[in-house]
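K.L.:
Below is final.csv; it holds CSV, C-alpha atoms.
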```csv
chain,number,residue,atom,x,y,z
F,1,MET,CA,51.0,-8.8,66.4
F,2,ASP,CA,49.6,-9.2,69.9
F,3,THR,CA,46.3,-7.5,70.6
F,4,ARG,CA,44.5,-6.3,73.7
F,5,VAL,CA,40.9,-5.4,74.3
F,6,LEU,CA,40.5,-1.6,74.1
F,7,GLY,CA,38.4,-0.3,77.0
F,8,ARG,CA,34.8,-1.3,76.7
F,9,THR,CA,34.8,-1.3,72.9
F,10,GLY,CA,35.4,-5.1,72.6
F,11,HIS,CA,37.9,-4.3,69.8
F,12,PHE,CA,41.2,-6.1,70.0
F,13,SER,CA,43.7,-3.4,69.2
F,14,SER,CA,47.2,-4.2,68.2
F,15,ILE,CA,49.6,-3.5,71.0
F,16,ALA,CA,51.3,-1.0,68.7
F,17,ILE,CA,48.8,1.7,67.6
F,18,PHE,CA,49.7,4.0,64.7
F,19,GLY,CA,49.8,7.6,65.9
F,20,GLY,CA,48.9,9.9,63.1
F,21,ALA,CA,51.1,12.6,64.6
F,22,ALA,CA,53.9,10.9,62.7
F,23,PHE,CA,52.3,12.4,59.5
F,24,TRP,CA,52.6,16.0,60.8
F,25,ASP,CA,54.5,17.3,57.7
F,26,ILE,CA,54.9,14.5,55.2
F,27,THR,CA,54.3,13.9,51.5
F,28,GLN,CA,51.6,11.5,50.4
F,29,SER,CA,54.3,9.3,48.9
F,30,VAL,CA,56.2,8.9,52.2
F,31,ALA,CA,52.9,8.4,54.0
F,32,ASP,CA,52.0,5.7,51.6
F,33,THR,CA,55.3,3.9,52.3
F,34,VAL,CA,54.7,4.2,56.0
F,35,MET,CA,51.1,2.9,55.7
F,36,GLU,CA,52.3,-0.1,53.8
F,37,GLN,CA,54.7,-0.8,56.7
F,38,VAL,CA,51.9,-0.3,59.2
F,39,ILE,CA,49.8,-2.9,57.4
F,40,ALA,CA,52.7,-5.3,57.0
F,41,ALA,CA,53.4,-5.0,60.8
F,42,GLY,CA,49.8,-6.1,61.6
F,43,ILE,CA,48.8,-2.8,63.2
F,44,ASN,CA,45.0,-2.5,63.2
F,45,HIS,CA,44.4,0.7,65.1
F,46,ILE,CA,45.0,4.3,64.0
F,47,ASP,CA,44.9,7.3,66.3
F,48,VAL,CA,44.6,10.7,64.6
F,49,ALA,CA,43.5,14.3,65.4
F,50,PRO,CA,43.1,17.5,63.4
F,51,GLN,CA,45.9,19.0,65.5
F,52,TYR,CA,48.4,16.5,63.9
F,53,GLY,CA,49.3,18.6,60.9
F,54,MET,CA,48.7,16.8,57.6
F,55,ALA,CA,47.8,13.5,59.3
F,56,GLU,CA,44.1,13.4,58.4
F,57,GLU,CA,44.8,14.3,54.8
F,58,ARG,CA,47.5,11.7,54.4
F,59,ILE,CA,45.5,8.9,56.1
F,60,GLY,CA,42.3,9.7,54.3
F,61,PRO,CA,43.2,7.9,51.0
F,62,TRP,CA,44.1,4.8,53.0
F,63,MET,CA,40.8,4.9,54.9
F,64,LYS,CA,38.9,5.1,51.6
F,65,GLN,CA,40.5,1.8,50.5
F,66,GLU,CA,41.3,0.0,53.8
F,67,ARG,CA,38.6,1.1,56.2
F,68,GLU,CA,37.7,-2.4,57.3
F,69,ARG,CA,41.3,-3.1,58.3
F,70,PHE,CA,41.5,-0.4,60.9
F,71,PHE,CA,39.9,0.7,64.1
F,72,LEU,CA,39.9,4.5,63.7
F,73,GLY,CA,40.1,6.8,66.7
F,74,CYS,CA,39.9,10.5,66.2
F,75,LYS,CA,40.0,13.4,68.7
F,76,THR,CA,39.0,17.0,69.2
F,77,MET,CA,40.3,19.8,71.4
F,78,GLU,CA,37.1,21.8,70.8
F,79,ARG,CA,35.3,22.4,74.1
F,80,THR,CA,31.9,23.5,72.9
F,81,PRO,CA,29.2,21.4,71.2
F,82,ASP,CA,29.2,23.5,68.0
F,83,GLY,CA,33.0,23.5,67.8
F,84,ALA,CA,33.3,19.8,68.4
F,85,TRP,CA,30.5,19.0,66.0
F,86,ALA,CA,32.0,21.1,63.2
F,87,GLU,CA,35.5,19.8,63.8
F,88,MET,CA,34.2,16.2,63.8
F,89,HIS,CA,32.6,16.7,60.4
F,90,ARG,CA,35.8,18.2,59.0
F,91,SER,CA,37.7,15.2,60.2
F,92,LEU,CA,35.3,12.8,58.7
F,93,LYS,CA,35.6,14.5,55.4
F,94,ARG,CA,39.5,14.7,55.5
F,95,LEU,CA,39.7,11.0,56.5
F,96,GLN,CA,37.2,10.0,53.8
F,97,VAL,CA,35.0,8.0,56.2
F,98,GLU,CA,31.4,8.1,57.3
F,99,GLN,CA,32.0,6.9,60.9
F,100,PHE,CA,34.7,6.8,63.5
F,101,ASP,CA,35.1,3.8,65.7
F,102,LEU,CA,36.1,6.1,68.6
F,103,TYR,CA,35.8,9.8,69.0
F,104,GLN,CA,37.6,11.4,72.0
F,105,ILE,CA,37.7,14.6,73.9
F,106,HIS,CA,41.4,15.3,73.6
F,107,ALA,CA,44.0,16.7,75.9
F,108,ILE,CA,42.1,17.5,79.1
F,109,THR,CA,44.7,18.9,81.4
F,110,THR,CA,42.8,21.0,84.0
F,111,GLN,CA,39.7,20.8,86.2
F,112,GLU,CA,38.3,23.8,84.3
F,113,GLU,CA,38.6,22.0,81.0
F,114,LEU,CA,37.0,18.9,82.3
F,115,ASP,CA,34.2,20.9,83.8
F,116,SER,CA,33.6,22.9,80.6
F,117,VAL,CA,33.4,19.8,78.3
F,118,LEU,CA,31.1,17.8,80.7
F,119,MET,CA,28.7,20.6,81.7
F,120,LEU,CA,25.4,21.3,80.1
F,121,GLY,CA,26.4,23.1,77.0
F,122,GLY,CA,29.8,21.4,76.8
F,123,ALA,CA,31.3,19.4,74.0
F,124,ILE,CA,30.0,16.2,75.4
F,125,GLU,CA,26.6,17.1,74.0
F,126,ALA,CA,28.0,16.8,70.4
F,127,PHE,CA,29.7,13.5,71.3
F,128,ILE,CA,26.4,12.0,72.5
F,129,LYS,CA,24.6,13.3,69.4
F,130,ALA,CA,27.4,11.8,67.2
F,131,ARG,CA,27.0,8.4,68.8
F,132,GLU,CA,23.2,8.6,68.5
F,133,GLU,CA,23.5,9.5,64.8
F,134,GLY,CA,26.0,6.7,64.1
F,135,LEU,CA,28.9,9.0,63.4
F,136,THR,CA,31.0,7.2,66.0
F,137,ARG,CA,30.5,3.9,67.8
F,138,TYR,CA,32.4,4.8,71.0
F,139,LEU,CA,33.3,7.8,73.1
F,140,GLY,CA,36.5,8.5,75.0
F,141,ILE,CA,38.7,11.0,76.7
F,142,THR,CA,42.4,11.7,76.6
F,143,GLY,CA,44.9,13.8,78.5
F,144,HIS,CA,48.5,14.4,79.4
F,145,GLY,CA,50.3,15.3,82.6
F,146,LEU,CA,50.5,14.2,86.2
F,147,GLN,CA,47.1,15.5,87.1
F,148,THR,CA,45.3,13.4,84.4
F,149,PRO,CA,44.6,10.3,86.5
F,150,ARG,CA,42.9,12.4,89.1
F,151,LEU,CA,40.8,14.3,86.5
F,152,PHE,CA,39.8,11.1,84.8
F,153,LEU,CA,38.6,9.5,88.0
F,154,GLN,CA,36.2,12.4,88.1
F,155,ALA,CA,35.4,12.1,84.4
F,156,ILE,CA,34.3,8.5,84.6
F,157,GLN,CA,32.1,9.3,87.6
F,158,ARG,CA,30.4,12.0,85.6
F,159,PHE,CA,30.1,10.3,82.2
F,160,ASP,CA,30.2,6.7,81.0
F,161,PHE,CA,33.2,6.8,78.6
F,162,ASP,CA,34.2,3.7,76.7
F,163,THR,CA,37.9,4.5,76.8
F,164,VAL,CA,40.2,6.6,78.9
F,165,MET,CA,43.7,7.2,77.5
F,166,PHE,CA,46.7,8.9,79.1
F,167,PRO,CA,50.4,8.4,78.8
F,168,LEU,CA,52.1,6.1,81.3
F,169,ASN,CA,55.9,6.3,81.4
```
Is it possible to give me this structure as structure tokens?
P.N.:
Amino acid sequence: MDTRVLGRTGHFSSIAIFGGAAFWDITQSVADTVMEQVIAAGINHIDVAPQYGMAEERIGPWMKQERERFFLGCKTMERTPDGAWAEMHRSLKRLQVEQFDLYQIHAITTQEELDSVLMLGGAIEAFIKAREEGLTRYLGITGHGLQTPRLFLQAIQRFDFDTVMFPLN
């Protein structure tokens, strides 16, 4: 499968990334079959979030045995340092890993949200601490909607993110 460099990470992610939202409400048996197909297809990047139903629990057993195979990106919608820190640790536990490759502030859709996560006392403090402590290698931001490109221009002027992700249709 073709790959492309992901942001400033230096990682060559497969052009098809496995989105954990597909495991919203699925049995482990079906998840196992899908993960075997993901591996067979040459996908090397998994994107997951606690908001994706059972995804972290279903992917966790695969991370335990196949961690080196995948670039693992996780996200949080928590907007405070304490909330982001606690959710990050829950995700690490469910995914059965000690470190993410990429941890992202997820679903920024308004100016108010952007301001709240990047201000003193915002979630970004937990992200910086996580990188310093080796719980993640890279930091990113994600969003949806037509206003996202405008918001992310501000975001990258205010913080040195490694990745910026938003849908483009």
K.L.:
Per residue of stretch 26-119 of chain F within 12 Å of stretch 8-11 of chain F, record the nearest atom pair and its distance in Å to one decimal, counting all atoms listed in the file, with rows in chain order and ascending residue number, as a Markdown table.
P.N.:
```
| residue | atom | partner | partner_atom | distance |
| --- | --- | --- | --- | --- |
| F:Asn44 | CA | F:His11 | CA | 9.9 |
| F:His45 | CA | F:His11 | CA | 9.5 |
| F:Phe70 | CA | F:His11 | CA | 10.4 |
| F:Phe71 | CA | F:His11 | CA | 7.8 |
| F:Leu72 | CA | F:His11 | CA | 10.9 |
| F:Gly73 | CA | F:Thr9 | CA | 11.5 |
| F:Asp101 | CA | F:Thr9 | CA | 8.8 |
| F:Leu102 | CA | F:Thr9 | CA | 8.7 |
| F:Tyr103 | CA | F:Thr9 | CA | 11.8 |
```
K.L.:
So that each row is one residue of stretch 63-131 of chain F with an atom at most 10 Å from stretch 156-164 of chain F, can you give its shortest atom pair and the distance in Å to one decimal, using only C-alpha atoms, rows by chain and rising number, as a Markdown table?
P.N.:
```
| residue | atom | partner | partner_atom | distance |
| --- | --- | --- | --- | --- |
| F:Leu102 | CA | F:Thr163 | CA | 8.5 |
| F:Tyr103 | CA | F:Thr163 | CA | 9.7 |
| F:Gln104 | CA | F:Thr163 | CA | 8.4 |
| F:Ile105 | CA | F:Val164 | CA | 9.8 |
| F:Asp115 | CA | F:Arg158 | CA | 9.8 |
| F:Leu118 | CA | F:Arg158 | CA | 7.6 |
| F:Met119 | CA | F:Arg158 | CA | 9.6 |
| F:Ile124 | CA | F:Phe159 | CA | 9.0 |
```
K.L.:
Quick check, in Å to one decimal: how far apart do atom CA of F:Thr109 and atom CA of F:Pro167 lie?
P.N.:
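Between atom CA of F:Thr109 and atom CA of F:Pro167 the gap works out to 12.2 Å.
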K.L.:
How many Å separate atom CA of F:Ile39 from atom CA of F:Ala107?
P.N.:
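Atom-to-atom, atom CA of F:Ile39 and atom CA of F:Ala107 are spaced 27.6 Å apart.
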K.L.:
Determine the nearest neighbour of F:Lys129 from the options F:Gly19, F:Gly7, F:Gly143, F:Pro81, counting all atoms listed in the file.
P.N.:
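When distances to F:Lys129 are compared using all atoms listed in the file, the smallest one comes from F:Pro81.
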K.L.:
Tell me which protein, DNA and RNA residues are within 8 Å of F:Ile59, counting only C-alpha atoms, leaving out same-chain ones fewer than 3 positions away, and put them as a VMD selection string.
P.N.:
chain F and resid 20 31 55 to 56 62 to 63 95
K.L.:
Report, in Å with one decimal, the straight-line distance from atom CA of F:Ile46 to atom CA of F:Asp25.
P.N.:
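About the pair atom CA of F:Ile46 and atom CA of F:Asp25: they are 17.3 Å apart.
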K.L.:
Just checking: using all atoms listed in the file, which residue out of F:Ile108, F:Arg137, F:Asp82, F:Pro61 ends up closest to F:Pro149?
P.N.:
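Residue with the minimum atom-to-atom distance to F:Pro149: F:Ile108.
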K.L.:
For a quick check of understanding, using all atoms listed in the file, which of F:Glu87, F:Asp47, F:Asp32, F:Glu78 has the smallest distance to F:Ser14?
P.N.:
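Checking each of F:Glu87, F:Asp47, F:Asp32, F:Glu78 against F:Ser14, counting all atoms listed in the file, the winner is F:Asp47.
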K.L.:
Between F:Val117, F:Phe100, F:Leu6, F:Leu153, which has the minimum distance to F:Arg131 (counting all atoms listed in the file)?
P.N.:
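With all atoms listed in the file as the atom set, the closest residue is F:Phe100.
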K.L.:
Give the answer as one residue: which of F:Val34, F:Met88, F:Ile26, F:Val97 has the shortest atom-to-atom distance to F:Gly53, using all atoms listed in the file?
P.N.:
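Nearest candidate to F:Gly53 out of F:Val34, F:Met88, F:Ile26, F:Val97: F:Ile26.
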K.L.:
Using only C-alpha atoms, find the one residue out of F:Leu146, F:Cys74, F:Met35, F:Ala22 that sits nearest to F:Arg94.
P.N.:
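The closest residue to F:Arg94 is F:Cys74.
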K.L.:
Produce stretch 99-117 of chain F of the given structure as output with N, CA and C atoms, as an mmCIF file, in the first residue's frame.
P.N.:
```cif
data_model
loop_
_atom_site.group_PDB
_atom_site.id
_atom_site.type_symbol
_atom_site.label_atom_id
_atom_site.label_comp_id
_atom_site.auth_asym_id
_atom_site.auth_seq_id
_atom_site.Cartn_x
_atom_site.Cartn_y
_atom_site.Cartn_z
ATOM 1 N N GLN F 99 2.253 3.919 25.338
ATOM 2 C CA GLN F 99 2.499 5.184 24.646
ATOM 3 C C GLN F 99 1.684 5.243 23.363
ATOM 4 N N PHE F 100 1.199 6.442 23.067
ATOM 5 C CA PHE F 100 0.612 6.720 21.758
ATOM 6 C C PHE F 100 1.714 7.262 20.862
ATOM 7 N N ASP F 101 1.544 7.083 19.571
ATOM 8 C CA ASP F 101 2.416 7.783 18.646
ATOM 9 C C ASP F 101 1.937 9.224 18.505
ATOM 10 N N LEU F 102 0.616 9.393 18.490
ATOM 11 C CA LEU F 102 0.003 10.713 18.281
ATOM 12 C C LEU F 102 -1.197 10.848 19.204
ATOM 13 N N TYR F 103 -1.234 11.937 19.961
ATOM 14 C CA TYR F 103 -2.400 12.235 20.790
ATOM 15 C C TYR F 103 -2.943 13.584 20.331
ATOM 16 N N GLN F 104 -4.270 13.642 20.121
ATOM 17 C CA GLN F 104 -4.859 14.799 19.454
ATOM 18 C C GLN F 104 -6.011 15.416 20.237
ATOM 19 N N ILE F 105 -6.062 16.722 20.213
ATOM 20 C CA ILE F 105 -7.244 17.441 20.685
ATOM 21 C C ILE F 105 -8.289 17.241 19.593
ATOM 22 N N HIS F 106 -9.402 16.634 19.946
ATOM 23 C CA HIS F 106 -10.369 16.167 18.947
ATOM 24 C C HIS F 106 -11.585 17.084 18.811
ATOM 25 N N ALA F 107 -11.987 17.261 17.569
ATOM 26 C CA ALA F 107 -13.282 17.874 17.221
ATOM 27 C C ALA F 107 -13.412 19.329 17.658
ATOM 28 N N ILE F 108 -12.396 20.113 17.409
ATOM 29 C CA ILE F 108 -12.511 21.554 17.652
ATOM 30 C C ILE F 108 -13.373 22.140 16.541
ATOM 31 N N THR F 109 -14.465 22.775 16.930
ATOM 32 C CA THR F 109 -15.400 23.293 15.922
ATOM 33 C C THR F 109 -15.730 24.771 16.091
ATOM 34 N N THR F 110 -15.328 25.357 17.215
ATOM 35 C CA THR F 110 -15.653 26.769 17.448
ATOM 36 C C THR F 110 -14.436 27.521 17.977
ATOM 37 N N GLN F 111 -14.491 28.819 17.845
ATOM 38 C CA GLN F 111 -13.441 29.681 18.395
ATOM 39 C C GLN F 111 -13.340 29.495 19.898
ATOM 40 N N GLU F 112 -14.480 29.359 20.556
ATOM 41 C CA GLU F 112 -14.491 29.196 22.009
ATOM 42 C C GLU F 112 -13.774 27.919 22.435
ATOM 43 N N GLU F 113 -14.006 26.835 21.699
ATOM 44 C CA GLU F 113 -13.325 25.579 22.015
ATOM 45 C C GLU F 113 -11.814 25.711 21.816
ATOM 46 N N LEU F 114 -11.427 26.308 20.706
ATOM 47 C CA LEU F 114 -10.003 26.487 20.444
ATOM 48 C C LEU F 114 -9.365 27.318 21.554
ATOM 49 N N ASP F 115 -9.993 28.414 21.904
ATOM 50 C CA ASP F 115 -9.461 29.264 22.967
ATOM 51 C C ASP F 115 -9.358 28.509 24.287
ATOM 52 N N SER F 116 -10.375 27.704 24.610
ATOM 53 C CA SER F 116 -10.380 27.016 25.898
ATOM 54 C C SER F 116 -9.291 25.955 25.995
ATOM 55 N N VAL F 117 -8.979 25.264 24.907
ATOM 56 C CA VAL F 117 -7.951 24.221 24.990
ATOM 57 C C VAL F 117 -6.536 24.778 24.941
#
```
